[in-house]
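Colleague: Just one file: input_28.cif, with mmCIF, C-alpha atoms, pLDDT in the B column; chains and numbers go by the auth columns.
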data_upload
loop_
_atom_site.group_PDB
_atom_site.id
_atom_site.type_symbol
_atom_site.label_atom_id
_atom_site.label_comp_id
_atom_site.label_asym_id
_atom_site.label_seq_id
_atom_site.Cartn_x
_atom_site.Cartn_y
_atom_site.Cartn_z
_atom_site.B_iso_or_equiv
_atom_site.auth_seq_id
_atom_site.auth_asym_id
ATOM 1 C CA MET A 1 0.904 -12.404 -22.145 82.00 1 H
ATOM 2 C CA LEU A 2 -1.992 -9.961 -22.279 85.00 2 H
ATOM 3 C CA THR A 3 -1.917 -7.142 -24.807 86.00 3 H
ATOM 4 C CA ASN A 4 -2.281 -3.474 -23.809 83.00 4 H
ATOM 5 C CA GLU A 5 -5.729 -3.490 -25.427 86.00 5 H
ATOM 6 C CA GLU A 6 -6.832 -6.520 -23.380 90.00 6 H
ATOM 7 C CA ILE A 7 -5.564 -4.968 -20.147 90.00 7 H
ATOM 8 C CA LEU A 8 -7.192 -1.616 -20.877 87.00 8 H
ATOM 9 C CA SER A 9 -10.416 -3.450 -21.725 90.00 9 H
ATOM 10 C CA VAL A 10 -10.400 -5.139 -18.298 93.00 10 H
ATOM 11 C CA PHE A 11 -10.051 -1.741 -16.590 92.00 11 H
ATOM 12 C CA GLN A 12 -12.855 -0.299 -18.696 89.00 12 H
ATOM 13 C CA GLN A 13 -15.192 -3.305 -18.222 93.00 13 H
ATOM 14 C CA THR A 14 -14.820 -3.163 -14.437 95.00 14 H
ATOM 15 C CA GLY A 15 -15.231 0.613 -14.200 92.00 15 H
ATOM 16 C CA ALA A 16 -11.714 0.944 -12.816 92.00 16 H
ATOM 17 C CA MET A 17 -10.691 3.793 -15.123 88.00 17 H
ATOM 18 C CA LEU A 18 -12.426 6.870 -13.695 87.00 18 H
ATOM 19 C CA THR A 19 -12.680 10.437 -14.936 88.00 19 H
ATOM 20 C CA GLY A 20 -13.323 13.509 -12.780 92.00 20 H
ATOM 21 C CA HIS A 21 -11.155 15.508 -10.333 95.00 21 H
ATOM 22 C CA PHE A 22 -8.965 13.375 -8.096 92.00 22 H
ATOM 23 C CA LYS A 23 -6.408 13.843 -5.333 91.00 23 H
ATOM 24 C CA LEU A 24 -3.738 11.205 -5.922 84.00 24 H
ATOM 25 C CA THR A 25 -1.723 9.430 -3.241 75.00 25 H
ATOM 26 C CA SER A 26 1.293 11.480 -4.363 76.00 26 H
ATOM 27 C CA GLY A 27 -0.572 14.698 -3.439 85.00 27 H
ATOM 28 C CA ARG A 28 -0.978 15.706 -7.085 87.00 28 H
ATOM 29 C CA HIS A 29 -4.333 16.162 -8.850 93.00 29 H
ATOM 30 C CA SER A 30 -5.569 14.537 -12.060 91.00 30 H
ATOM 31 C CA ASP A 31 -8.667 14.179 -14.204 91.00 31 H
ATOM 32 C CA ARG A 32 -8.115 10.387 -14.529 88.00 32 H
ATOM 33 C CA TYR A 33 -7.838 7.775 -11.818 87.00 33 H
ATOM 34 C CA PHE A 34 -7.207 4.040 -11.909 86.00 34 H
ATOM 35 C CA GLN A 35 -9.146 2.404 -9.068 89.00 35 H
ATOM 36 C CA CYS A 36 -7.438 -0.986 -9.262 92.00 36 H
ATOM 37 C CA ALA A 37 -9.580 -2.337 -6.424 93.00 37 H
ATOM 38 C CA LEU A 38 -12.471 -2.453 -8.899 94.00 38 H
ATOM 39 C CA VAL A 39 -10.439 -4.848 -11.057 96.00 39 H
ATOM 40 C CA LEU A 40 -8.998 -6.801 -8.126 96.00 40 H
ATOM 41 C CA GLN A 41 -12.469 -7.623 -6.769 96.00 41 H
ATOM 42 C CA HIS A 42 -12.799 -10.024 -9.719 96.00 42 H
ATOM 43 C CA PRO A 43 -10.626 -13.112 -9.088 96.00 43 H
ATOM 44 C CA VAL A 44 -10.585 -14.090 -12.776 96.00 44 H
ATOM 45 C CA HIS A 45 -9.127 -10.700 -13.784 95.00 45 H
ATOM 46 C CA THR A 46 -6.762 -10.601 -10.813 97.00 46 H
ATOM 47 C CA ALA A 47 -5.412 -14.065 -11.610 97.00 47 H
ATOM 48 C CA ALA A 48 -4.856 -13.205 -15.280 95.00 48 H
ATOM 49 C CA LEU A 49 -3.106 -9.883 -14.565 96.00 49 H
ATOM 50 C CA CYS A 50 -0.891 -11.260 -11.806 97.00 50 H
ATOM 51 C CA ARG A 51 -0.037 -14.355 -13.834 97.00 51 H
ATOM 52 C CA ASP A 52 1.187 -11.955 -16.531 96.00 52 H
ATOM 53 C CA LEU A 53 3.391 -10.169 -13.958 96.00 53 H
ATOM 54 C CA ALA A 54 4.688 -13.533 -12.730 97.00 54 H
ATOM 55 C CA VAL A 55 5.640 -14.623 -16.254 96.00 55 H
ATOM 56 C CA ARG A 56 7.707 -11.467 -16.686 96.00 56 H
ATOM 57 C CA PHE A 57 9.771 -12.323 -13.590 97.00 57 H
ATOM 58 C CA ALA A 58 9.709 -16.131 -13.791 93.00 58 H
ATOM 59 C CA GLY A 59 13.445 -16.405 -14.521 90.00 59 H
ATOM 60 C CA GLY A 60 14.460 -14.215 -11.574 87.00 60 H
ATOM 61 C CA ASP A 61 14.597 -16.982 -8.949 95.00 61 H
ATOM 62 C CA VAL A 62 12.097 -15.052 -6.811 98.00 62 H
ATOM 63 C CA SER A 63 11.505 -16.494 -3.339 97.00 63 H
ATOM 64 C CA VAL A 64 9.038 -13.914 -1.995 98.00 64 H
ATOM 65 C CA VAL A 65 6.696 -11.280 -3.446 98.00 65 H
ATOM 66 C CA ILE A 66 5.903 -8.155 -1.420 98.00 66 H
ATOM 67 C CA GLY A 67 3.551 -5.258 -1.992 98.00 67 H
ATOM 68 C CA PRO A 68 2.902 -2.070 -0.066 97.00 68 H
ATOM 69 C CA ALA A 69 -0.392 -1.932 1.824 93.00 69 H
ATOM 70 C CA THR A 70 -3.037 -1.589 0.740 88.00 70 H
ATOM 71 C CA GLY A 71 -2.888 -1.525 -3.050 90.00 71 H
ATOM 72 C CA GLY A 72 -0.144 -4.119 -3.321 95.00 72 H
ATOM 73 C CA ILE A 73 -1.567 -6.729 -0.920 97.00 73 H
ATOM 74 C CA ILE A 74 -3.789 -8.625 -3.369 97.00 74 H
ATOM 75 C CA VAL A 75 -1.293 -8.157 -6.216 98.00 75 H
ATOM 76 C CA ALA A 76 1.500 -9.616 -4.048 98.00 76 H
ATOM 77 C CA TYR A 77 -0.593 -12.579 -2.960 98.00 77 H
ATOM 78 C CA GLU A 78 -1.803 -13.505 -6.426 98.00 78 H
ATOM 79 C CA THR A 79 1.587 -12.947 -8.107 98.00 79 H
ATOM 80 C CA ALA A 80 3.213 -15.078 -5.395 98.00 80 H
ATOM 81 C CA ARG A 81 0.660 -17.800 -6.000 98.00 81 H
ATOM 82 C CA ALA A 82 1.444 -17.755 -9.727 97.00 82 H
ATOM 83 C CA LEU A 83 5.174 -18.048 -8.930 98.00 83 H
ATOM 84 C CA GLY A 84 4.647 -20.673 -6.209 97.00 84 H
ATOM 85 C CA VAL A 85 6.351 -18.558 -3.512 98.00 85 H
ATOM 86 C CA ARG A 86 5.417 -16.618 -0.354 97.00 86 H
ATOM 87 C CA GLY A 87 3.388 -13.417 -0.657 98.00 87 H
ATOM 88 C CA ILE A 88 3.682 -10.722 2.018 98.00 88 H
ATOM 89 C CA PHE A 89 3.034 -7.008 2.415 98.00 89 H
ATOM 90 C CA ALA A 90 4.687 -3.981 3.966 97.00 90 H
ATOM 91 C CA GLU A 91 2.792 -1.286 5.817 96.00 91 H
ATOM 92 C CA ARG A 92 3.547 2.039 7.421 94.00 92 H
ATOM 93 C CA GLU A 93 4.312 2.175 11.091 93.00 93 H
ATOM 94 C CA ASN A 94 4.980 5.659 12.458 93.00 94 H
ATOM 95 C CA GLY A 95 5.227 6.877 8.868 90.00 95 H
ATOM 96 C CA VAL A 96 7.862 4.304 7.831 93.00 96 H
ATOM 97 C CA MET A 97 7.226 1.348 5.507 95.00 97 H
ATOM 98 C CA THR A 98 8.057 -1.800 7.435 95.00 98 H
ATOM 99 C CA LEU A 99 7.264 -5.494 7.795 96.00 99 H
ATOM 100 C CA ARG A 100 4.877 -6.377 10.599 95.00 100 H
ATOM 101 C CA ARG A 101 2.586 -9.278 11.546 95.00 101 H
ATOM 102 C CA GLY A 102 5.498 -11.714 11.737 94.00 102 H
ATOM 103 C CA PHE A 103 6.549 -11.239 8.104 97.00 103 H
ATOM 104 C CA SER A 104 10.283 -11.461 7.464 96.00 104 H
ATOM 105 C CA ILE A 105 12.852 -11.383 4.714 97.00 105 H
ATOM 106 C CA GLU A 106 16.105 -13.248 5.160 96.00 106 H
ATOM 107 C CA PRO A 107 19.411 -11.704 4.057 97.00 107 H
ATOM 108 C CA GLY A 108 20.049 -12.698 0.449 97.00 108 H
ATOM 109 C CA GLU A 109 16.419 -13.634 -0.198 98.00 109 H
ATOM 110 C CA ARG A 110 15.327 -12.646 -3.731 98.00 110 H
ATOM 111 C CA VAL A 111 12.292 -10.392 -3.585 98.00 111 H
ATOM 112 C CA LEU A 112 9.862 -9.102 -6.201 98.00 112 H
ATOM 113 C CA VAL A 113 8.087 -5.866 -5.228 98.00 113 H
ATOM 114 C CA VAL A 114 4.638 -5.378 -6.784 98.00 114 H
ATOM 115 C CA GLU A 115 2.050 -2.603 -6.740 97.00 115 H
ATOM 116 C CA ASP A 116 -1.332 -1.924 -8.287 95.00 116 H
ATOM 117 C CA VAL A 117 -0.663 1.585 -9.659 91.00 117 H
ATOM 118 C CA ILE A 118 2.114 4.174 -9.470 90.00 118 H
ATOM 119 C CA THR A 119 2.267 7.852 -10.290 82.00 119 H
ATOM 120 C CA THR A 120 5.506 8.874 -8.562 85.00 120 H
ATOM 121 C CA GLY A 121 6.514 5.437 -7.228 91.00 121 H
ATOM 122 C CA GLY A 122 6.810 6.598 -3.621 92.00 122 H
ATOM 123 C CA SER A 123 5.258 3.551 -1.923 94.00 123 H
ATOM 124 C CA VAL A 124 7.243 1.163 -4.116 97.00 124 H
ATOM 125 C CA ARG A 125 10.510 2.979 -3.334 97.00 125 H
ATOM 126 C CA GLU A 126 9.694 2.808 0.383 96.00 126 H
ATOM 127 C CA THR A 127 9.000 -0.928 0.094 98.00 127 H
ATOM 128 C CA ILE A 128 12.248 -1.469 -1.829 98.00 128 H
ATOM 129 C CA ALA A 129 14.120 0.399 0.937 97.00 129 H
ATOM 130 C CA ALA A 130 12.459 -1.783 3.602 97.00 130 H
ATOM 131 C CA VAL A 131 13.465 -4.956 1.735 98.00 131 H
ATOM 132 C CA CYS A 132 17.053 -3.743 1.289 98.00 132 H
ATOM 133 C CA SER A 133 17.323 -2.739 4.954 97.00 133 H
ATOM 134 C CA LEU A 134 16.660 -6.390 5.831 97.00 134 H
ATOM 135 C CA GLY A 135 19.305 -7.655 3.407 98.00 135 H
ATOM 136 C CA GLY A 136 16.859 -8.792 0.732 98.00 136 H
ATOM 137 C CA ILE A 137 17.794 -8.607 -2.934 98.00 137 H
ATOM 138 C CA VAL A 138 15.159 -6.816 -5.017 98.00 138 H
ATOM 139 C CA VAL A 139 14.937 -8.527 -8.407 98.00 139 H
ATOM 140 C CA GLY A 140 12.441 -6.031 -9.759 98.00 140 H
ATOM 141 C CA ALA A 141 9.171 -4.170 -9.470 98.00 141 H
ATOM 142 C CA GLY A 142 5.997 -5.425 -11.129 98.00 142 H
ATOM 143 C CA LEU A 143 3.194 -2.936 -11.655 97.00 143 H
ATOM 144 C CA LEU A 144 -0.328 -3.301 -12.925 96.00 144 H
ATOM 145 C CA VAL A 145 -0.460 0.354 -14.032 93.00 145 H
ATOM 146 C CA ASP A 146 2.311 2.928 -14.474 93.00 146 H
ATOM 147 C CA ARG A 147 0.576 6.310 -14.706 86.00 147 H
ATOM 148 C CA SER A 148 3.887 8.126 -15.302 87.00 148 H
ATOM 149 C CA GLY A 149 4.179 7.041 -18.920 88.00 149 H
ATOM 150 C CA GLY A 150 7.306 5.092 -17.992 91.00 150 H
ATOM 151 C CA THR A 151 9.200 8.109 -16.653 92.00 151 H
ATOM 152 C CA VAL A 152 9.443 6.919 -13.036 94.00 152 H
ATOM 153 C CA ASP A 153 12.741 5.162 -12.325 95.00 153 H
ATOM 154 C CA LEU A 154 12.501 2.847 -9.327 96.00 154 H
ATOM 155 C CA GLY A 155 16.192 1.929 -9.445 95.00 155 H
ATOM 156 C CA VAL A 156 15.449 -1.725 -10.243 97.00 156 H
ATOM 157 C CA ARG A 157 14.122 -3.613 -13.238 96.00 157 H
ATOM 158 C CA GLN A 158 10.482 -2.662 -13.626 96.00 158 H
ATOM 159 C CA GLU A 159 7.689 -4.159 -15.668 96.00 159 H
ATOM 160 C CA ALA A 160 4.245 -2.578 -15.979 95.00 160 H
ATOM 161 C CA LEU A 161 1.296 -4.293 -17.608 95.00 161 H
ATOM 162 C CA LEU A 162 -0.212 -0.969 -18.627 92.00 162 H
ATOM 163 C CA VAL A 163 1.845 2.182 -19.169 91.00 163 H
ATOM 164 C CA THR A 164 -0.140 5.353 -19.576 86.00 164 H
ATOM 165 C CA GLU A 165 0.768 8.985 -19.257 81.00 165 H
ATOM 166 C CA THR A 166 -1.794 10.770 -17.173 81.00 166 H
ATOM 167 C CA ILE A 167 -1.398 14.506 -16.763 86.00 167 H
ATOM 168 C CA THR A 168 -1.109 15.523 -13.113 88.00 168 H
ATOM 169 C CA TYR A 169 -0.938 18.895 -11.416 93.00 169 H
ATOM 170 C CA THR A 170 0.148 20.322 -8.097 94.00 170 H
ATOM 171 C CA PRO A 171 -2.909 21.606 -6.228 94.00 171 H
ATOM 172 C CA ALA A 172 -1.716 25.182 -6.847 95.00 172 H
ATOM 173 C CA GLU A 173 -1.576 24.732 -10.633 95.00 173 H
ATOM 174 C CA CYS A 174 -4.643 22.470 -11.013 96.00 174 H
ATOM 175 C CA PRO A 175 -7.154 23.869 -13.566 96.00 175 H
ATOM 176 C CA LEU A 176 -9.908 21.707 -12.046 96.00 176 H
ATOM 177 C CA CYS A 177 -9.392 23.386 -8.650 95.00 177 H
ATOM 178 C CA ARG A 178 -9.433 26.815 -10.331 95.00 178 H
ATOM 179 C CA ALA A 179 -12.697 25.862 -12.023 96.00 179 H
ATOM 180 C CA GLY A 180 -14.176 25.094 -8.582 95.00 180 H
ATOM 181 C CA ILE A 181 -14.666 21.369 -9.256 95.00 181 H
ATOM 182 C CA PRO A 182 -14.449 19.492 -5.936 93.00 182 H
ATOM 183 C CA ALA A 183 -11.609 16.958 -5.745 93.00 183 H
ATOM 184 C CA VAL A 184 -12.176 13.465 -4.391 92.00 184 H
ATOM 185 C CA LYS A 185 -9.638 11.113 -2.820 88.00 185 H
ATOM 186 C CA PRO A 186 -10.579 7.570 -3.882 80.00 186 H
ATOM 187 C CA GLY A 187 -7.205 6.033 -2.937 62.00 187 H
ATOM 188 C CA SER A 188 -6.069 4.285 0.199 54.00 188 H
ATOM 189 C CA ARG A 189 -3.712 6.789 1.846 49.00 189 H
ATOM 190 C CA SER A 190 -4.722 10.207 3.098 43.00 190 H
ATOM 191 C CA ILE A 191 -2.698 13.217 2.036 37.00 191 H
#
Spell out the structure here as structure tokens.

Modeller:
Amino acid sequence: MLTNEEILSVFQQTGAMLTGHFKLTSGRHSDRYFQCALVLQHPVHTAALCRDLAVRFAGGDVSVVIGPATGGIIVAYETARALGVRGIFAERENGVMTLRRGFSIEPGERVLVVEDVITTGGSVRETIAAVCSLGGIVVGAGLLVDRSGGTVDLGVRQEALLVTETITYTPAECPLCRAGIPAVKPGSRSI
């Protein structure tokens, strides 16, 4: 398995660890942002990271890996490939995370939920709920980056390759907003 230093090095080498003033998917603001897409554009890094996630869940008899769109799509595919199982994704339809495009989960099917990065875990929780509503059994959640410092509880076994505590603020309490520094939204979901 990769060490924290090796994983952090990959994020730094690819320019995926950004500093500035960011609006996060959760609606909070931060001075650090992990743009996992900059790592995932490199197949060699993606394969290594997702293989590491797969190893952590190899004994869980996983039959399908799912990730929320868009951040979890590549992670789900590559982790599924490493496990030798199907890889699918969930996406929002009318504001609700659901399976579309002919994807399905059978009752009793053992499912691993994966995501590129979490701050509050909202998209992962929504994906877990979608899997459970179809009768799937969630064996765990695999994360490339947990920005909460490990404080987010997803209600299932969770494994993160990189755990980091990044300070976040509500827009009302954000010192970067008060300083007049424009915030950018580099993520995939509008607030």

Colleague: Looking at all atoms listed in the file, which of H:Leu161, H:Ala47, H:Leu53, H:Leu24 is the one that sits closest to H:Thr120?

Modeller: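 Ranked by minimum distance to H:Thr120, first place goes to H:Leu24.
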
Colleague: Which residues, named as in the file, does the PyMOL selection byres ((chain H and resi 70-78) around 9) pick out? Answer as an MDAnalysis selection string.

Modeller: chainID H and resid 36:37 40 46:47 49:51 64:69 79:83 86:91 112:117 143:144 187:189

Colleague: Give the centre and edge lengths of an axis-aligned box, in Å to one decimal, that holds all listed atoms of stretch 14-21 of chain H with 6 Å on each side, as JSON.

Modeller:
{"center_x": -13.0, "center_y": 6.2, "center_z": -12.7, "size_x": 16.5, "size_y": 30.7, "size_z": 16.8}

Colleague: Given the choices H:Thr164, H:Thr170, H:Gln158, H:Thr151, which gets closest to H:Ile128 if the distance is worked out from only C-alpha atoms?

Modeller: H:Gln158

Colleague: With distances taken over all atoms listed in the file, which of H:Val111, H:Ile118, H:Val184, H:Leu38 is nearest to H:Ala160?

Modeller: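 Of H:Val111, H:Ile118, H:Val184, H:Leu38, the one nearest H:Ala160 is H:Ile118, counting all atoms listed in the file.
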
Colleague: Quick one: pull the distance between atom CA of H:Val138 and atom CA of H:Val96, Å, one decimal.

Modeller: 18.5 Å

Colleague: Between H:Gly121, H:Thr168, H:Arg147, H:Ile105, single out the one closest to H:Gln35, counting only C-alpha atoms.

Modeller: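 Answer, going by the shortest atom-to-atom distance: H:Arg147.
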
Colleague: Find the residues around H:Pro107 up to 10 Å (only C-alpha atoms counted), leave out those fewer than 3 positions away in its own chain, and share them as a PyMOL selection string.

Modeller: chain H and resi 104+110+131-137

Colleague: How many Å lie between atom CA of H:Gly122 and atom CA of H:Arg32, rounded to one decimal?

Modeller: 18.9 Å

Colleague: Work out how far apart atom CA of H:His21 and atom CA of H:Ile181 are and give it in Å to one decimal.

Modeller: 6.9 Å

Colleague: Taking all atoms listed in the file into account, which of H:Val156, H:Ala183, H:Val139, H:Leu99 comes nearest H:Arg125?

Modeller: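 That would be H:Val156, the residue with the smallest distance to H:Arg125.
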
Colleague: So which one's closest to H:Ala172, H:His29, H:Arg100, H:Arg92, H:His45? Using all atoms listed in the file, please.

Modeller: H:His29
